[in-house]
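Participant: This structure is in structure tokens; I'll ask about it shortly.
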Amino acid sequence: MRKFLKFVFYKIYTVASFFWLKLDRIASWGETRHWIDNVPRAIFTPDIYVSYAGWMHNQGFFASLLSVFLKKPQPRILDFGCGMGNLAPVCHHFVKNGGSYLGVDLDEKQIAPCLKTYGSLSNCNFYLTHDKNPFYTPDGESTTSGIDWPVKDGSLDLVIAMSVFTHLQERESIRYLDKIYETLAPDGLAMISFLIKRDYINPHFVYNFDHALTPGWFTSNPSCPEMAIGLTRDALQKLLANRFEVLSHIEGSVTGGRHPSLQDIFVLRKLPGERA
């Protein structure tokens with residue numbers, strides 16, 4: 001019955017969203033119409049659900065965040081775990097006159113809509129990686145080989161990783177953070193979200209990290225830890241040590257933080273020199 005109701009919901013929601021967006025566009029300012037025109041249709045399907053309200057919130061939030069911190073006139077941006085390209089329309093404003101945006105993801109169902117929806121956005125491209133994650137690709141374990149991002153070391157001004165490290169255990173987090181550090185140019189920026197473990201009980205079990213992994217790292221699902229990974233502030237400081245300085249911390253509300261952001265978002269700047 002539950003599957004049937006979900007099927008009926010999406011059948012109605014997918015059709016209704018088309019007319020609602022058309023009506024919404026008529027009454028919107030030109031800048032807002034850019035976001036409406038660039039909503040990937042696949043977010044309204046049961047394959048990968050993202051609400052339009054959440055999608056629009058994401059546009060405004062990151063438009064402000066990038067405006068404050070990204071000062072390069074022609075930035076080179078990598079969106080690690082780009083999903084359905086939620087940040088492509090935002091980043092397009094910063095790279096349309098030069099620079100580049102590259103979204104990478106391991107899910108073909110998400111990359112395909114990106115290519116279809118955003119193929120016309122100048123200086124924006126997407127790439128399907130070969131890495132695996134037990135939560136997103138349950139048939140395969142995480143790779144231990146090199147990460148296949150098609151970018152050169154020291155070539156990026158900004159790496160964004162939203163809802164990525166929240167699905168990585170300590171070993172993989174170290175590996176990917178090393179890669180981010182290597183690919184960033186001197187003084188390059190990273191915007192990364194984490195789930196910081198606090199003394200807070202969320203009614204939703206996913207965010208109650210009561211199963212210990214490595215010291216300072218926790219999960220709410222021991223059968224598939226990568227479903228949600230939380231870590232303490234001490235564990236995060238250890239992870240970032242000798243690599244990044246924290247420019248800003250927007251606290252995540254789902255683990256008891258004081259800001260309206262769901263996850264903890266850190267704006268980081270690459271430190272000079274080699275990691276010790």
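Order determines the names: the first chain of the structure tokens is A, the second B, and so forth; residues in each chain are numbered 1 upward, and ligands are numbered 1 upward as they are shown.
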Set the distance at 12 Å and use only C-alpha atoms: which residues neighbour Ala241 (chain A) once local chain neighbours fewer than 4 positions away are removed? I'd like the list as an MDAnalysis selection string.
Facilitator: chainID A and resid 174 177:178 181 234:237 245:246 268:271 274:276
Participant: Which residues come within 7 Å of Ala228 (chain A), counting only C-alpha atoms, excluding same-chain residues fewer than 4 positions away, as a ChimeraX atom specification?
Facilitator: /A:166-167,206,219-220
Participant: Those residues with C-alpha atoms, as a short mmCIF file (atom, residue, chain, number, x, y, z; two decimals), in the first residue's frame please?
Facilitator:
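What ended up in out.cif:
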```cif
data_model
loop_
_atom_site.label_atom_id
_atom_site.label_comp_id
_atom_site.auth_asym_id
_atom_site.auth_seq_id
_atom_site.Cartn_x
_atom_site.Cartn_y
_atom_site.Cartn_z
CA THR A 166 28.16 13.12 5.55
CA HIS A 167 28.38 9.73 3.77
CA VAL A 206 19.11 9.09 10.94
CA THR A 219 26.81 6.47 12.41
CA SER A 220 23.11 5.89 13.03
#
```
Participant: Take CA of Phe209 (chain A) and CA of Asn58 (chain A) and report the distance between them in Å, one decimal.
Facilitator: 25.5 Å
Participant: Tell me which of A:Met227, A:Leu78, A:Leu247, A:Lys96 sits closest to Asn133 (chain A), counting only C-alpha atoms.
Facilitator: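 Comparing A:Met227, A:Leu78, A:Leu247, A:Lys96 against Asn133 (chain A), the winner is A:Met227.
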Participant: Between A:Lys179, A:Phe18, A:Ile43, A:Pro272, which one has atoms that come closest to Asn242 (chain A), using only C-alpha atoms?
Facilitator: A:Pro272
Participant: Fewer than 2 positions away in the same chain doesn't count, so skip those; otherwise give me all residues within 12 Å of Ser155 (chain A), counting only C-alpha atoms, as a PyMOL selection string.
Facilitator: chain A and resi 75-78+99-100+149-153+157-159+179-189
Participant: Go ahead and save the residues from that selection, with C-alpha atoms, as a compact mmCIF listing (two decimals), in the first residue's frame.
Facilitator:
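Output saved as out.txt:
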```
# COMPACT_ATOMS: atom_id res chain seq x y z
CA PRO A 75 36.80 31.22 -10.92
CA ARG A 76 37.43 27.55 -11.59
CA ILE A 77 34.86 25.58 -9.58
CA LEU A 78 34.49 21.85 -8.91
CA GLY A 99 36.29 30.42 -15.60
CA SER A 100 34.62 27.02 -15.39
CA TRP A 149 38.42 13.78 -11.30
CA PRO A 150 39.44 15.25 -14.67
CA VAL A 151 41.26 18.22 -13.11
CA LYS A 152 44.93 19.06 -12.57
CA ASP A 153 46.54 19.60 -9.19
CA ASP A 157 39.74 28.14 -6.99
CA LEU A 158 36.79 26.51 -5.23
CA VAL A 159 35.69 22.97 -4.41
CA LYS A 179 42.46 15.23 -3.12
CA ILE A 180 40.64 18.51 -2.56
CA TYR A 181 43.78 20.00 -1.05
CA GLU A 182 45.90 18.84 -4.00
CA THR A 183 43.57 20.20 -6.67
CA LEU A 184 43.10 23.63 -5.08
CA ALA A 185 45.27 26.55 -6.13
CA PRO A 186 47.17 28.47 -3.41
CA ASP A 187 44.62 30.17 -1.09
CA GLY A 188 41.89 28.15 -2.82
CA LEU A 189 38.55 27.70 -1.04
```
Participant: What's the 7 Å shell around region 85-88 of chain A, counting only C-alpha atoms, without same-chain residues fewer than 2 positions away, as an mmCIF file with C-alpha atoms, in the first residue's frame?
Facilitator:
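Final output, result-v2.cif:
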```cif
data_model
loop_
_atom_site.group_PDB
_atom_site.id
_atom_site.type_symbol
_atom_site.label_atom_id
_atom_site.label_comp_id
_atom_site.auth_asym_id
_atom_site.auth_seq_id
_atom_site.Cartn_x
_atom_site.Cartn_y
_atom_site.Cartn_z
ATOM 1 C CA TRP A 55 15.771 23.654 -4.627
ATOM 2 C CA GLN A 59 19.856 28.717 -5.027
ATOM 3 C CA CYS A 82 26.869 17.597 -7.735
ATOM 4 C CA GLY A 83 23.751 15.444 -7.759
ATOM 5 C CA VAL A 90 24.178 29.515 -9.242
ATOM 6 C CA CYS A 91 27.751 28.853 -10.330
ATOM 7 C CA HIS A 92 26.865 29.798 -13.908
ATOM 8 C CA GLY A 103 30.029 18.919 -11.543
ATOM 9 C CA CYS A 114 22.437 17.532 -15.556
#
```
Participant: For region 104-108 of chain A, please output as a list in words all residues within 7 Å (counting only C-alpha atoms; exclusion window: fewer than 2 positions along the same chain).
Facilitator: Asp79, Phe80, Gly81, Cys82, Gly83, Leu102, Gln110, Ile111, Ala112, Phe126, Tyr127, Leu128, Thr129, His130, Asp131 and Lys132 of chain A
Participant: Enter the distance from CA of Val254 (chain A) to CA of Val68 (chain A), in Å, rounded to one decimal.
Facilitator: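 Going from CA of Val254 (chain A) over to CA of Val68 (chain A), I get 24.7 Å.
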Participant: Considering only C-alpha atoms, state which residue in the set A:Thr255, A:Asn97, A:Thr32, A:Ser261 is at the smallest distance from Tyr207 (chain A).
Facilitator: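 Closest to Tyr207 (chain A), using only C-alpha atoms: A:Thr255.
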Participant: Just asking: which residues within region 76-118 of chain A are strand (DSSP E or B) according to DSSP, as a ChimeraX atom specification?
Facilitator: /A:76-80,100-105
Participant: As a PyMOL selection string, list the residues of region 68-104 of chain A assigned to alpha helix (DSSP H) by DSSP on the backbone atoms of this structure.
Facilitator: chain A and resi 68-69+88-95
Participant: Which residue, A:Pro73, A:Gly54, A:Pro113, A:Pro89, has the smallest gap to Arg41 (chain A) when you use only C-alpha atoms?
Facilitator: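 Residue with the minimum atom-to-atom distance to Arg41 (chain A): A:Pro113.
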Participant: Using only C-alpha atoms, determine which residues lie at most 6 Å from region 262-265 of chain A, disregarding the query and same-chain residues fewer than 3 positions distant; provide the list as a VMD selection string.
Facilitator: chain A and resid 192 to 195 249 to 254
Participant: Take the selection from the previous step and output its residues with N, CA and C atoms, as a PDB file, in the first residue's frame.
Facilitator:
```
ATOM      1  N   ILE A 192      32.377  22.795   2.419  1.00  0.00           N
ATOM      2  CA  ILE A 192      32.099  21.391   2.696  1.00  0.00           C
ATOM      3  C   ILE A 192      31.094  21.288   3.837  1.00  0.00           C
ATOM      4  N   SER A 193      30.136  20.389   3.703  1.00  0.00           N
ATOM      5  CA  SER A 193      29.172  20.170   4.779  1.00  0.00           C
ATOM      6  C   SER A 193      29.510  18.901   5.553  1.00  0.00           C
ATOM      7  N   PHE A 194      29.293  18.976   6.856  1.00  0.00           N
ATOM      8  CA  PHE A 194      29.470  17.846   7.767  1.00  0.00           C
ATOM      9  C   PHE A 194      28.258  17.779   8.685  1.00  0.00           C
ATOM     10  N   LEU A 195      28.120  16.666   9.381  1.00  0.00           N
ATOM     11  CA  LEU A 195      27.133  16.541  10.450  1.00  0.00           C
ATOM     12  C   LEU A 195      27.906  16.465  11.756  1.00  0.00           C
ATOM     13  N   HIS A 249      31.736  29.127   9.790  1.00  0.00           N
ATOM     14  CA  HIS A 249      31.030  27.895  10.166  1.00  0.00           C
ATOM     15  C   HIS A 249      29.563  28.224  10.334  1.00  0.00           C
ATOM     16  N   ILE A 250      28.740  27.656   9.470  1.00  0.00           N
ATOM     17  CA  ILE A 250      27.287  27.788   9.557  1.00  0.00           C
ATOM     18  C   ILE A 250      26.760  26.510  10.193  1.00  0.00           C
ATOM     19  N   GLU A 251      26.233  26.619  11.386  1.00  0.00           N
ATOM     20  CA  GLU A 251      25.859  25.437  12.153  1.00  0.00           C
ATOM     21  C   GLU A 251      24.606  24.764  11.588  1.00  0.00           C
ATOM     22  N   GLY A 252      24.584  23.432  11.662  1.00  0.00           N
ATOM     23  CA  GLY A 252      23.478  22.655  11.128  1.00  0.00           C
ATOM     24  C   GLY A 252      22.419  22.347  12.167  1.00  0.00           C
ATOM     25  N   SER A 253      21.171  22.598  11.835  1.00  0.00           N
ATOM     26  CA  SER A 253      20.086  22.465  12.803  1.00  0.00           C
ATOM     27  C   SER A 253      19.703  21.013  13.084  1.00  0.00           C
ATOM     28  N   VAL A 254      19.940  20.089  12.148  1.00  0.00           N
ATOM     29  CA  VAL A 254      19.478  18.718  12.365  1.00  0.00           C
ATOM     30  C   VAL A 254      20.252  18.024  13.483  1.00  0.00           C
TER      31      VAL A 254
END
```
Participant: Could you tell me how far CA of His211 (chain A) sits from CA of Val164 (chain A), in Å to one decimal place?
Facilitator: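 Answer for the CA of Val164 (chain A) to CA of His211 (chain A) separation: 19.5 Å.
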